[in-house]
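The file start_34.cif comes next; it holds mmCIF, C-alpha atoms.
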```cif
data_coords
#
loop_
_atom_site.group_PDB
_atom_site.id
_atom_site.type_symbol
_atom_site.label_atom_id
_atom_site.label_comp_id
_atom_site.auth_asym_id
_atom_site.auth_seq_id
_atom_site.Cartn_x
_atom_site.Cartn_y
_atom_site.Cartn_z
ATOM 1 C CA MET A 670 -185.736 167.504 -115.508
ATOM 2 C CA GLU A 671 -189.029 166.512 -117.090
ATOM 3 C CA ARG A 672 -188.906 163.506 -119.405
ATOM 4 C CA THR A 673 -190.775 163.055 -122.669
ATOM 5 C CA LEU A 674 -193.628 160.571 -123.075
ATOM 6 C CA PRO A 675 -192.044 157.161 -122.371
ATOM 7 C CA CYS A 676 -192.267 153.749 -123.962
ATOM 8 C CA LEU A 677 -193.245 151.475 -121.064
ATOM 9 C CA ALA A 678 -192.497 147.758 -120.811
ATOM 10 C CA LEU A 679 -194.142 145.615 -118.140
ATOM 11 C CA VAL A 680 -191.979 142.641 -117.147
ATOM 12 C CA ILE A 681 -193.969 139.740 -115.675
ATOM 13 C CA PRO A 682 -192.203 136.523 -114.607
ATOM 14 C CA CYS A 683 -194.489 133.495 -114.860
ATOM 15 C CA TYR A 684 -194.097 130.040 -113.366
ATOM 16 C CA ASN A 685 -197.011 127.592 -113.642
ATOM 17 C CA GLU A 686 -199.537 130.429 -113.872
ATOM 18 C CA GLU A 687 -202.050 128.852 -116.269
ATOM 19 C CA ALA A 688 -204.917 129.185 -113.779
ATOM 20 C CA GLY A 689 -205.001 132.977 -113.847
ATOM 21 C CA LEU A 690 -202.668 134.012 -116.651
ATOM 22 C CA ALA A 691 -205.352 134.640 -119.297
ATOM 23 C CA HIS A 692 -207.218 136.921 -116.878
ATOM 24 C CA ALA A 693 -203.992 138.751 -115.972
ATOM 25 C CA MET A 694 -203.069 139.274 -119.632
ATOM 26 C CA ASP A 695 -206.528 140.608 -120.469
ATOM 27 C CA THR A 696 -206.399 142.969 -117.476
ATOM 28 C CA LEU A 697 -202.944 144.304 -118.304
ATOM 29 C CA ASP A 698 -203.763 144.588 -122.003
ATOM 30 C CA GLN A 699 -206.776 146.788 -121.222
ATOM 31 C CA PHE A 700 -204.783 148.806 -118.707
ATOM 32 C CA LEU A 701 -202.026 149.524 -121.228
ATOM 33 C CA VAL A 702 -204.661 150.810 -123.644
ATOM 34 C CA LYS A 703 -206.033 153.060 -120.905
ATOM 35 C CA LEU A 704 -202.569 154.430 -120.106
ATOM 36 C CA LYS A 705 -202.059 155.198 -123.787
ATOM 37 C CA ASN A 706 -205.443 156.906 -124.067
ATOM 38 C CA ASP A 707 -204.644 158.962 -120.958
ATOM 39 C CA GLY A 708 -201.441 160.175 -122.607
ATOM 40 C CA LEU A 709 -199.113 158.611 -120.027
ATOM 41 C CA ILE A 710 -197.194 156.218 -122.292
ATOM 42 C CA ARG A 711 -196.398 155.820 -125.981
ATOM 43 C CA ASP A 712 -198.348 153.606 -128.377
ATOM 44 C CA ASP A 713 -195.462 151.143 -128.738
ATOM 45 C CA SER A 714 -195.543 150.240 -125.024
ATOM 46 C CA PHE A 715 -195.974 146.525 -124.287
ATOM 47 C CA ALA A 716 -195.964 143.737 -121.694
ATOM 48 C CA LEU A 717 -193.318 141.009 -121.678
ATOM 49 C CA TYR A 718 -194.261 137.683 -120.087
ATOM 50 C CA VAL A 719 -191.266 135.594 -119.028
ATOM 51 C CA ASP A 720 -191.960 131.861 -118.786
ATOM 52 C CA ASP A 721 -189.583 130.549 -116.117
ATOM 53 C CA GLY A 722 -189.567 126.898 -117.222
ATOM 54 C CA SER A 723 -193.237 126.243 -116.424
ATOM 55 C CA HIS A 724 -194.565 122.673 -116.530
ATOM 56 C CA ASP A 725 -198.149 123.605 -117.386
ATOM 57 C CA ALA A 726 -199.766 125.512 -120.262
ATOM 58 C CA THR A 727 -198.264 128.885 -119.332
ATOM 59 C CA TRP A 728 -196.162 129.274 -122.487
ATOM 60 C CA ARG A 729 -198.991 128.123 -124.769
ATOM 61 C CA ILE A 730 -201.239 130.815 -123.289
ATOM 62 C CA ILE A 731 -198.516 133.451 -123.743
ATOM 63 C CA GLU A 732 -198.050 132.467 -127.406
ATOM 64 C CA GLU A 733 -201.782 132.415 -128.152
ATOM 65 C CA ARG A 734 -202.378 135.796 -126.511
ATOM 66 C CA GLY A 735 -199.345 137.212 -128.268
ATOM 67 C CA MET A 736 -200.991 136.526 -131.607
ATOM 68 C CA LEU A 737 -204.144 138.352 -130.548
ATOM 69 C CA SER A 738 -202.650 141.555 -129.170
ATOM 70 C CA PRO A 739 -199.658 143.685 -130.195
ATOM 71 C CA HIS A 740 -199.237 144.644 -126.541
ATOM 72 C CA ASN A 741 -198.209 141.116 -125.514
ATOM 73 C CA ARG A 742 -194.734 139.692 -125.988
ATOM 74 C CA GLY A 743 -193.129 136.511 -124.660
ATOM 75 C CA LEU A 744 -189.781 135.216 -123.480
ATOM 76 C CA LYS A 745 -189.348 131.509 -122.773
ATOM 77 C CA LEU A 746 -186.394 130.395 -120.663
ATOM 78 C CA ALA A 747 -184.864 126.974 -121.256
ATOM 79 C CA GLY A 748 -185.420 125.903 -117.641
ATOM 80 C CA ASN A 749 -186.567 127.062 -114.255
ATOM 81 C CA VAL A 750 -183.967 129.574 -113.006
ATOM 82 C CA GLY A 751 -185.961 131.146 -110.182
ATOM 83 C CA HIS A 752 -187.991 134.330 -109.848
ATOM 84 C CA GLN A 753 -185.037 136.724 -109.510
ATOM 85 C CA ASN A 754 -183.195 135.384 -112.549
ATOM 86 C CA ALA A 755 -186.393 135.291 -114.610
ATOM 87 C CA LEU A 756 -187.040 138.901 -113.690
ATOM 88 C CA LEU A 757 -183.454 139.796 -114.560
ATOM 89 C CA ALA A 758 -183.758 137.998 -117.920
ATOM 90 C CA GLY A 759 -186.856 139.960 -118.871
ATOM 91 C CA MET A 760 -185.333 143.292 -117.928
ATOM 92 C CA LEU A 761 -182.014 142.716 -119.666
ATOM 93 C CA GLU A 762 -183.512 141.309 -122.859
ATOM 94 C CA ILE A 763 -185.664 144.384 -123.532
ATOM 95 C CA ARG A 764 -183.838 147.151 -121.689
ATOM 96 C CA ASN A 765 -182.905 148.925 -124.934
ATOM 97 C CA GLU A 766 -186.459 148.775 -126.314
ATOM 98 C CA ALA A 767 -188.208 150.813 -123.611
ATOM 99 C CA ASP A 768 -187.607 154.032 -121.697
ATOM 100 C CA CYS A 769 -188.777 152.468 -118.442
ATOM 101 C CA LEU A 770 -189.631 149.005 -117.144
ATOM 102 C CA ILE A 771 -192.100 147.995 -114.453
ATOM 103 C CA SER A 772 -191.688 144.563 -112.905
ATOM 104 C CA MET A 773 -194.653 142.844 -111.302
ATOM 105 C CA ASP A 774 -196.002 139.359 -110.579
ATOM 106 C CA ALA A 775 -198.531 137.558 -112.763
ATOM 107 C CA ASP A 776 -200.979 137.089 -109.878
ATOM 108 C CA LEU A 777 -201.818 140.840 -109.996
ATOM 109 C CA GLN A 778 -201.663 141.133 -106.213
ATOM 110 C CA ASP A 779 -199.668 144.301 -106.829
ATOM 111 C CA ASP A 780 -202.218 147.017 -107.582
ATOM 112 C CA ILE A 781 -201.792 148.122 -111.213
ATOM 113 C CA HIS A 782 -203.508 151.413 -110.406
ATOM 114 C CA ALA A 783 -200.247 152.509 -108.742
ATOM 115 C CA ILE A 784 -198.586 152.575 -112.172
ATOM 116 C CA PRO A 785 -199.729 156.104 -113.139
ATOM 117 C CA ALA A 786 -198.150 157.458 -109.943
ATOM 118 C CA MET A 787 -194.938 155.586 -110.787
ATOM 119 C CA LEU A 788 -194.934 157.097 -114.261
ATOM 120 C CA ARG A 789 -195.369 160.584 -112.807
ATOM 121 C CA ARG A 790 -192.369 160.030 -110.530
ATOM 122 C CA PHE A 791 -190.403 158.837 -113.561
ATOM 123 C CA ALA A 792 -191.469 161.885 -115.566
ATOM 124 C CA GLY A 793 -190.220 164.017 -112.681
ATOM 125 C CA GLY A 794 -186.724 162.581 -112.966
ATOM 126 C CA CYS A 795 -186.657 159.434 -110.806
ATOM 127 C CA ASP A 796 -184.794 156.442 -112.203
ATOM 128 C CA ILE A 797 -186.226 153.941 -109.726
ATOM 129 C CA VAL A 798 -189.700 154.014 -108.176
ATOM 130 C CA TYR A 799 -190.510 151.389 -105.546
ATOM 131 C CA GLY A 800 -193.995 150.035 -104.990
ATOM 132 C CA VAL A 801 -194.419 149.851 -101.202
ATOM 133 C CA ARG A 802 -197.258 148.091 -99.420
ATOM 134 C CA ASP A 803 -199.196 150.405 -97.140
ATOM 135 C CA ASN A 804 -200.235 147.510 -94.874
ATOM 136 C CA ARG A 805 -199.981 143.737 -94.488
ATOM 137 C CA ASP A 806 -203.562 143.093 -93.382
ATOM 138 C CA SER A 807 -203.950 140.260 -95.897
ATOM 139 C CA ASP A 808 -201.031 138.347 -94.322
ATOM 140 C CA THR A 809 -201.113 136.064 -91.321
ATOM 141 C CA SER A 810 -199.764 137.410 -88.035
ATOM 142 C CA PHE A 811 -196.798 135.036 -88.362
ATOM 143 C CA LYS A 812 -195.924 136.351 -91.812
ATOM 144 C CA ARG A 813 -196.278 139.973 -90.673
ATOM 145 C CA GLY A 814 -194.007 139.305 -87.710
ATOM 146 C CA THR A 815 -191.318 137.507 -89.704
ATOM 147 C CA ALA A 816 -191.383 140.148 -92.446
ATOM 148 C CA GLY A 817 -190.965 142.926 -89.896
ATOM 149 C CA PHE A 818 -188.096 141.058 -88.246
ATOM 150 C CA PHE A 819 -186.405 140.553 -91.637
ATOM 151 C CA TYR A 820 -186.520 144.262 -92.535
ATOM 152 C CA ARG A 821 -185.204 145.270 -89.103
ATOM 153 C CA LEU A 822 -182.431 142.698 -89.315
ATOM 154 C CA MET A 823 -181.368 143.854 -92.782
ATOM 155 C CA ALA A 824 -181.223 147.449 -91.546
ATOM 156 C CA ARG A 825 -179.153 146.453 -88.491
ATOM 157 C CA ILE A 826 -176.529 144.636 -90.567
ATOM 158 C CA GLY A 827 -176.194 147.595 -92.932
ATOM 159 C CA VAL A 828 -178.051 146.316 -96.010
ATOM 160 C CA ARG A 829 -179.879 149.085 -97.877
ATOM 161 C CA ILE A 830 -183.370 147.776 -98.542
ATOM 162 C CA VAL A 831 -186.793 149.431 -98.896
ATOM 163 C CA PRO A 832 -189.156 148.138 -96.178
ATOM 164 C CA GLN A 833 -192.411 146.526 -97.360
ATOM 165 C CA HIS A 834 -191.155 146.468 -100.947
ATOM 166 C CA ALA A 835 -191.040 143.246 -102.952
ATOM 167 C CA ASP A 836 -190.279 143.372 -106.693
ATOM 168 C CA TYR A 837 -192.963 145.803 -107.839
ATOM 169 C CA ARG A 838 -190.891 148.703 -109.147
ATOM 170 C CA LEU A 839 -190.284 151.040 -112.046
ATOM 171 C CA VAL A 840 -186.757 151.133 -113.428
ATOM 172 C CA SER A 841 -185.492 153.562 -116.057
ATOM 173 C CA GLN A 842 -183.485 152.414 -119.051
ATOM 174 C CA THR A 843 -180.431 154.006 -117.425
ATOM 175 C CA ALA A 844 -180.856 151.905 -114.263
ATOM 176 C CA ALA A 845 -181.585 148.765 -116.301
ATOM 177 C CA ASN A 846 -178.372 149.259 -118.288
ATOM 178 C CA ALA A 847 -176.486 149.681 -115.009
ATOM 179 C CA LEU A 848 -178.034 146.432 -113.770
ATOM 180 C CA ALA A 849 -176.436 144.634 -116.735
ATOM 181 C CA HIS A 850 -173.016 145.288 -115.169
ATOM 182 C CA TYR A 851 -173.918 143.288 -112.051
ATOM 183 C CA GLY A 852 -172.547 139.839 -112.781
ATOM 184 C CA GLU A 853 -173.330 137.935 -109.597
ATOM 185 C CA SER A 854 -175.186 134.635 -109.760
ATOM 186 C CA ASN A 855 -176.622 134.980 -106.234
ATOM 187 C CA LEU A 856 -179.196 137.613 -107.105
ATOM 188 C CA PHE A 857 -181.089 139.704 -104.587
ATOM 189 C CA LEU A 858 -182.592 142.536 -106.608
ATOM 190 C CA ARG A 859 -184.264 144.144 -103.592
ATOM 191 C CA GLY A 860 -180.793 144.910 -102.289
ATOM 192 C CA ILE A 861 -179.118 145.710 -105.605
ATOM 193 C CA PHE A 862 -181.375 148.543 -106.746
ATOM 194 C CA PRO A 863 -181.148 150.648 -103.542
ATOM 195 C CA SER A 864 -177.358 150.258 -103.632
ATOM 196 C CA MET A 865 -177.102 151.790 -107.120
ATOM 197 C CA GLY A 866 -177.512 155.336 -105.893
ATOM 198 C CA PHE A 867 -179.909 156.565 -108.585
ATOM 199 C CA ARG A 868 -182.594 159.089 -107.697
ATOM 200 C CA SER A 869 -185.551 157.130 -106.361
ATOM 201 C CA ASP A 870 -188.971 157.498 -104.779
ATOM 202 C CA THR A 871 -191.787 155.319 -103.452
ATOM 203 C CA VAL A 872 -195.458 154.817 -104.256
ATOM 204 C CA THR A 873 -197.719 153.126 -101.697
ATOM 205 C CA TYR A 874 -200.472 150.701 -102.632
ATOM 206 C CA ALA A 875 -202.744 148.107 -101.053
ATOM 207 C CA ARG A 876 -201.738 144.554 -101.929
ATOM 208 C CA LYS A 877 -204.618 142.330 -102.971
ATOM 209 C CA GLU A 878 -205.278 138.720 -102.082
ATOM 210 C CA ARG A 879 -204.299 136.059 -104.606
ATOM 211 C CA GLN A 880 -207.293 134.985 -106.716
ATOM 212 C CA TYR A 881 -205.821 132.209 -108.872
ATOM 213 C CA GLY A 882 -203.388 129.366 -108.264
ATOM 214 C CA LYS A 883 -201.238 129.130 -105.163
ATOM 215 C CA THR A 884 -198.311 131.109 -103.831
ATOM 216 C CA LYS A 885 -194.838 130.322 -105.193
ATOM 217 C CA TYR A 886 -193.301 131.426 -101.888
ATOM 218 C CA PRO A 887 -194.188 129.006 -99.068
ATOM 219 C CA LEU A 888 -192.414 129.374 -95.729
ATOM 220 C CA GLU A 889 -189.306 127.378 -96.659
ATOM 221 C CA ARG A 890 -188.745 129.425 -99.830
ATOM 222 C CA MET A 891 -189.298 132.673 -97.948
ATOM 223 C CA LEU A 892 -186.667 131.679 -95.391
ATOM 224 C CA SER A 893 -184.277 130.645 -98.161
ATOM 225 C CA PHE A 894 -184.829 133.939 -99.963
ATOM 226 C CA ALA A 895 -184.230 135.915 -96.760
ATOM 227 C CA TRP A 896 -181.000 134.006 -96.113
ATOM 228 C CA GLN A 897 -179.947 134.670 -99.708
ATOM 229 C CA GLY A 898 -180.404 138.389 -99.162
ATOM 230 C CA ILE A 899 -178.455 138.404 -95.902
ATOM 231 C CA THR A 900 -175.479 136.398 -97.156
ATOM 232 C CA SER A 901 -175.357 138.160 -100.536
ATOM 233 C CA PHE A 902 -174.948 141.620 -99.040
ATOM 234 C CA SER A 903 -173.270 141.196 -95.688
ATOM 235 C CA GLY A 904 -170.312 139.392 -94.137
ATOM 236 C CA ILE A 905 -171.658 139.942 -90.629
ATOM 237 C CA PRO A 906 -172.751 136.289 -90.198
ATOM 238 C CA LEU A 907 -169.087 135.308 -90.541
ATOM 239 C CA ARG A 908 -168.161 137.795 -87.829
ATOM 240 C CA LEU A 909 -171.001 136.369 -85.759
ATOM 241 C CA ALA A 910 -169.337 132.966 -86.051
ATOM 242 C CA GLY A 911 -166.174 134.526 -84.639
ATOM 243 C CA LEU A 912 -168.105 135.987 -81.714
ATOM 244 C CA PHE A 913 -169.647 132.599 -80.991
ATOM 245 C CA SER A 914 -166.168 131.106 -80.941
ATOM 246 C CA ILE A 915 -164.982 133.735 -78.434
ATOM 247 C CA GLY A 916 -168.054 133.105 -76.287
ATOM 248 C CA ALA A 917 -167.428 129.365 -76.336
ATOM 249 C CA LEU A 918 -163.791 129.925 -75.373
ATOM 250 C CA LEU A 919 -164.788 132.124 -72.428
ATOM 251 C CA LEU A 920 -167.313 129.536 -71.264
ATOM 252 C CA ALA A 921 -164.658 126.831 -71.430
ATOM 253 C CA LEU A 922 -162.212 128.999 -69.444
ATOM 254 C CA VAL A 923 -164.868 129.603 -66.801
ATOM 255 C CA GLU A 924 -165.433 125.868 -66.510
ATOM 256 C CA VAL A 925 -161.669 125.247 -66.154
ATOM 257 C CA PHE A 926 -161.399 127.995 -63.521
ATOM 258 C CA LEU A 927 -164.275 126.543 -61.474
ATOM 259 C CA THR A 928 -162.726 123.075 -61.664
ATOM 260 C CA LEU A 929 -159.320 124.321 -60.493
ATOM 261 C CA LEU A 930 -160.981 126.284 -57.708
ATOM 262 C CA ALA A 931 -162.789 123.159 -56.520
ATOM 263 C CA TRP A 932 -159.554 121.178 -56.535
ATOM 264 C CA ALA A 933 -157.830 123.915 -54.535
ATOM 265 C CA ARG A 934 -160.522 123.562 -51.884
ATOM 266 C CA GLY A 935 -159.957 119.839 -51.735
ATOM 267 C CA GLU A 936 -163.346 119.017 -53.225
ATOM 268 C CA VAL A 937 -163.907 115.931 -55.340
ATOM 269 C CA VAL A 938 -164.758 117.024 -58.844
ATOM 270 C CA THR A 939 -166.813 114.615 -60.904
ATOM 271 C CA GLY A 940 -168.327 117.156 -63.275
ATOM 272 C CA TRP A 941 -169.535 114.651 -65.874
ATOM 273 C CA THR A 942 -172.689 116.629 -66.594
ATOM 274 C CA SER A 943 -170.991 120.012 -66.790
ATOM 275 C CA MET A 944 -168.203 118.553 -68.920
ATOM 276 C CA MET A 945 -170.693 117.061 -71.372
ATOM 277 C CA VAL A 946 -172.620 120.347 -71.534
ATOM 278 C CA VAL A 947 -169.443 122.239 -72.391
ATOM 279 C CA MET A 948 -168.384 119.641 -74.960
ATOM 280 C CA LEU A 949 -171.768 119.632 -76.658
ATOM 281 C CA PHE A 950 -171.867 123.430 -76.633
ATOM 282 C CA LEU A 951 -168.397 123.694 -78.145
ATOM 283 C CA GLY A 952 -169.228 121.075 -80.741
ATOM 284 C CA SER A 953 -172.434 122.791 -81.802
ATOM 285 C CA VAL A 954 -170.650 126.158 -82.039
ATOM 286 C CA GLN A 955 -167.977 124.615 -84.241
ATOM 287 C CA LEU A 956 -170.574 123.020 -86.509
ATOM 288 C CA PHE A 957 -172.463 126.309 -86.724
ATOM 289 C CA CYS A 958 -169.298 128.174 -87.709
ATOM 290 C CA LEU A 959 -168.421 125.517 -90.287
ATOM 291 C CA ALA A 960 -171.931 125.755 -91.755
ATOM 292 C CA LEU A 961 -171.614 129.533 -92.093
ATOM 293 C CA ILE A 962 -168.218 129.256 -93.737
ATOM 294 C CA GLY A 963 -169.586 126.551 -96.032
ATOM 295 C CA GLU A 964 -172.463 128.809 -97.064
ATOM 296 C CA TYR A 965 -170.102 131.565 -98.155
ATOM 297 C CA LEU A 966 -167.758 129.093 -99.846
ATOM 298 C CA ALA A 967 -170.717 127.686 -101.790
ATOM 299 C CA LYS A 968 -171.567 131.197 -102.967
ATOM 300 C CA ILE A 969 -167.963 131.764 -104.068
ATOM 301 C CA TYR A 970 -168.005 128.406 -105.870
ATOM 302 C CA THR A 971 -171.177 129.403 -107.721
ATOM 303 C CA GLU A 972 -169.793 132.799 -108.674
ATOM 304 C CA VAL A 973 -166.386 131.674 -109.978
ATOM 305 C CA LYS A 974 -167.943 129.162 -112.393
ATOM 306 C CA ARG A 975 -169.500 132.091 -114.274
ATOM 307 C CA ARG A 976 -172.282 129.983 -115.727
ATOM 308 C CA PRO A 977 -175.100 131.856 -117.516
ATOM 309 C CA ARG A 978 -177.853 132.940 -115.182
ATOM 310 C CA TYR A 979 -180.495 132.094 -117.767
ATOM 311 C CA ILE A 980 -180.778 130.706 -121.300
ATOM 312 C CA VAL A 981 -183.388 132.054 -123.708
ATOM 313 C CA GLU A 982 -185.219 129.316 -125.622
ATOM 314 C CA LYS A 983 -187.797 131.421 -127.493
ATOM 315 C CA LYS A 984 -188.658 135.065 -127.809
ATOM 316 C CA PHE A 985 -191.255 137.056 -129.730
#
```
What do you get writing this file as structure tokens?
Amino acid sequence: MERTLPCLALVIPCYNEEAGLAHAMDTLDQFLVKLKNDGLIRDDSFALYVDDGSHDATWRIIEERGMLSPHNRGLKLAGNVGHQNALLAGMLEIRNEADCLISMDADLQDDIHAIPAMLRRFAGGCDIVYGVRDNRDSDTSFKRGTAGFFYRLMARIGVRIVPQHADYRLVSQTAANALAHYGESNLFLRGIFPSMGFRSDTVTYARKERQYGKTKYPLERMLSFAWQGITSFSGIPLRLAGLFSIGALLLALVEVFLTLLAWARGEVVTGWTSMMVVMLFLGSVQLFCLALIGEYLAKIYTEVKRRPRYIVEKKF
């Protein structure tokens, strides 16, 4: 079913983006005007910039630009809650003011010229349209390899996720309202949206290199984010701990059997080295299993407290 001309809201999380934010706001402001002139969106469409507790002049820039253009709006969070929660805050705060939302990063590495194709998919009846990178040529070989491994791993453990998709997506008001019912604190939006079941499609684009500032996702944060996705959507790591325990038990039984066999032959069994190897192996397996259990317990602890995922300080 064809939809009528939509009111579009761009949702842009910002954290310490003062270096390139003014350029990004000018670019998006002009692009919104172009979309309106091309008859793709309504005149009341806008961009919402979510300040995720920045320590620089990010919020000042958002406020100043908001006074200059009716297309720019701002949402300031009381503290740094992380990219996923900042994105969630922006979407939930304005979900009833727009027919569709497009989330994207403030660095403009996601090609804005893919937006018209997203809007056409939305007009054709899709509730979610994923922006998918057509290549990773701008990444290092290490990053390409780890990203590929992550997507394959997520598929193997049964997590529905769109390969080569980050958080550049169009979401209808219907899907955004459904998102409001997801109450978990351990957010992994890349896994939540595919699990909703709404009609969806993809649009490919070429990701650009970052021109201003530095990445907010160094290696340690990327690994943490990947682990968050795995443990938020799958209990397989806990089963893996069980398999390790069975493997350790079998290894111990083999060692006992070999020792008894040597005694039966009348051999002198010293076995200090093999005994220490088995002990160290068993100890490391136990610690690994305890760490996995602790990770899931920590997630349960976070969830049962039911603390707010974000607090709005200012909004215009």
Inset, instruction - List, as a list in words, every residue that the PyMOL selection byres ((chain A and resi 857-863) around 8) selects in the file provided. - result: Gln753, Ile797, Val828, Arg829, Ile830, Val831, His834, Ala835, Asp836, Asn855, Leu856, Ser864, Met865, Gly866, Phe867, Gln897, Gly898, Ser901 and Phe902 of chain A
Restricted to C-alpha atoms, what would the selected residues look like written as an mmCIF file, in the coordinates of the input?
```
data_model
loop_
_atom_site.group_PDB
_atom_site.id
_atom_site.type_symbol
_atom_site.label_atom_id
_atom_site.label_comp_id
_atom_site.auth_asym_id
_atom_site.auth_seq_id
_atom_site.Cartn_x
_atom_site.Cartn_y
_atom_site.Cartn_z
ATOM 1 C CA GLN A 753 -185.037 136.724 -109.510
ATOM 2 C CA ILE A 797 -186.226 153.941 -109.726
ATOM 3 C CA VAL A 828 -178.051 146.316 -96.010
ATOM 4 C CA ARG A 829 -179.879 149.085 -97.877
ATOM 5 C CA ILE A 830 -183.370 147.776 -98.542
ATOM 6 C CA VAL A 831 -186.793 149.431 -98.896
ATOM 7 C CA HIS A 834 -191.155 146.468 -100.947
ATOM 8 C CA ALA A 835 -191.040 143.246 -102.952
ATOM 9 C CA ASP A 836 -190.279 143.372 -106.693
ATOM 10 C CA ASN A 855 -176.622 134.980 -106.234
ATOM 11 C CA LEU A 856 -179.196 137.613 -107.105
ATOM 12 C CA SER A 864 -177.358 150.258 -103.632
ATOM 13 C CA MET A 865 -177.102 151.790 -107.120
ATOM 14 C CA GLY A 866 -177.512 155.336 -105.893
ATOM 15 C CA PHE A 867 -179.909 156.565 -108.585
ATOM 16 C CA GLN A 897 -179.947 134.670 -99.708
ATOM 17 C CA GLY A 898 -180.404 138.389 -99.162
ATOM 18 C CA SER A 901 -175.357 138.160 -100.536
ATOM 19 C CA PHE A 902 -174.948 141.620 -99.040
#
```
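As for atom CA of Asn706 of chain A and atom CA of Leu737 of chain A, they are spaced 19.7 Å apart.
Relative to atom CA of His740 of chain A, atom CA of Lys705 of chain A is found at 11.3 Å.
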Inset, instruction - Would you kindly return, as a list in words, each protein, DNA or RNA residue with an atom no farther than 10 Å from any atom of segment 692-696 of chain A, considering all atoms listed in the file and excluding same-chain residues fewer than 5 positions away? - result: Ile681, Glu686, Glu687, Leu701, Ala716, Tyr718, Ile730, Ile731, Arg734, Gly735, Ser738, His740, Asn741, Asp774, Ala775, Asp776, Leu777, Ile781 and Tyr881 of chain A
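Rounded to one decimal, atom CA of Ile710 of chain A and atom CA of Arg742 of chain A lie 17.1 Å from each other.
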Can you turn the PyMOL selection byres ((chain A and resi 876) around 8) into a concrete residue list for this file, as a PDB file with C-alpha atoms, in the frame of the given file?
```
ATOM      1  CA  GLN A 778    -201.663 141.133-106.213  1.00  0.00           C
ATOM      2  CA  ASP A 779    -199.668 144.301-106.829  1.00  0.00           C
ATOM      3  CA  ASP A 780    -202.218 147.017-107.582  1.00  0.00           C
ATOM      4  CA  ARG A 802    -197.258 148.091 -99.420  1.00  0.00           C
ATOM      5  CA  ASP A 803    -199.196 150.405 -97.140  1.00  0.00           C
ATOM      6  CA  ASN A 804    -200.235 147.510 -94.874  1.00  0.00           C
ATOM      7  CA  ARG A 805    -199.981 143.737 -94.488  1.00  0.00           C
ATOM      8  CA  SER A 807    -203.950 140.260 -95.897  1.00  0.00           C
ATOM      9  CA  TYR A 874    -200.472 150.701-102.632  1.00  0.00           C
ATOM     10  CA  ALA A 875    -202.744 148.107-101.053  1.00  0.00           C
ATOM     11  CA  LYS A 877    -204.618 142.330-102.971  1.00  0.00           C
ATOM     12  CA  GLU A 878    -205.278 138.720-102.082  1.00  0.00           C
TER      13      GLU A 878
END
```
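The residue set within 12 Å of Lys703 of chain A, counting all atoms listed in the file and dropping same-chain residues fewer than 5 places from it, reads Thr696, Leu697, Asp698, Gly708, Leu709, Ile710, Arg711, Asp712, Ser714, Ile781, His782, Ile784 and Pro785 of chain A.
If you measure from each of A:Ile905, A:Leu770, A:Val801, A:Leu922 to Ile826 of chain A using all atoms listed in the file, the closest one turns out to be A:Ile905.
Take the candidates A:Leu920, A:Gly759, A:Ala678, A:Ala786 and check each one against Asp713 of chain A using all atoms listed in the file; the shortest distance goes to A:Ala678.
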Legend entry - Using all atoms listed in the file: which of A:Leu929, A:Ala783, A:Glu853, A:Ile915 has the shortest distance to Arg976 of chain A: A:Glu853
Nearby residues, (-187.8, 157.7, -111.7) file frame, 12 Å, all atoms listed in the file, as a compact mmCIF listing (two decimals) with C-alpha atoms, keeping the file's coordinate frame:
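As written to disk, result_11.txt reads:
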```txt
# COMPACT_ATOMS: atom_id res chain seq x y z
CA MET A 670 -185.74 167.50 -115.51
CA GLU A 671 -189.03 166.51 -117.09
CA ARG A 672 -188.91 163.51 -119.40
CA PRO A 675 -192.04 157.16 -122.37
CA ASP A 768 -187.61 154.03 -121.70
CA CYS A 769 -188.78 152.47 -118.44
CA LEU A 770 -189.63 149.00 -117.14
CA ILE A 771 -192.10 148.00 -114.45
CA ILE A 784 -198.59 152.57 -112.17
CA ALA A 786 -198.15 157.46 -109.94
CA MET A 787 -194.94 155.59 -110.79
CA LEU A 788 -194.93 157.10 -114.26
CA ARG A 789 -195.37 160.58 -112.81
CA ARG A 790 -192.37 160.03 -110.53
CA PHE A 791 -190.40 158.84 -113.56
CA ALA A 792 -191.47 161.88 -115.57
CA GLY A 793 -190.22 164.02 -112.68
CA GLY A 794 -186.72 162.58 -112.97
CA CYS A 795 -186.66 159.43 -110.81
CA ASP A 796 -184.79 156.44 -112.20
CA ILE A 797 -186.23 153.94 -109.73
CA VAL A 798 -189.70 154.01 -108.18
CA TYR A 799 -190.51 151.39 -105.55
CA GLY A 800 -194.00 150.04 -104.99
CA ARG A 838 -190.89 148.70 -109.15
CA LEU A 839 -190.28 151.04 -112.05
CA VAL A 840 -186.76 151.13 -113.43
CA SER A 841 -185.49 153.56 -116.06
CA GLN A 842 -183.48 152.41 -119.05
CA THR A 843 -180.43 154.01 -117.42
CA ALA A 844 -180.86 151.90 -114.26
CA ALA A 845 -181.58 148.76 -116.30
CA PHE A 867 -179.91 156.56 -108.58
CA ARG A 868 -182.59 159.09 -107.70
CA SER A 869 -185.55 157.13 -106.36
CA ASP A 870 -188.97 157.50 -104.78
CA THR A 871 -191.79 155.32 -103.45
CA VAL A 872 -195.46 154.82 -104.26
```
Legend entry - Hits of the PyMOL selection byres ((chain A and resi 725) around 7) in this structure, as a ChimeraX atom specification: /A:685,687,723-724,726-727
Legend entry - Counting all atoms listed in the file, the option among A:Phe715, A:Pro682, A:Leu674, A:Leu919 closest to Tyr837 of chain A: A:Pro682
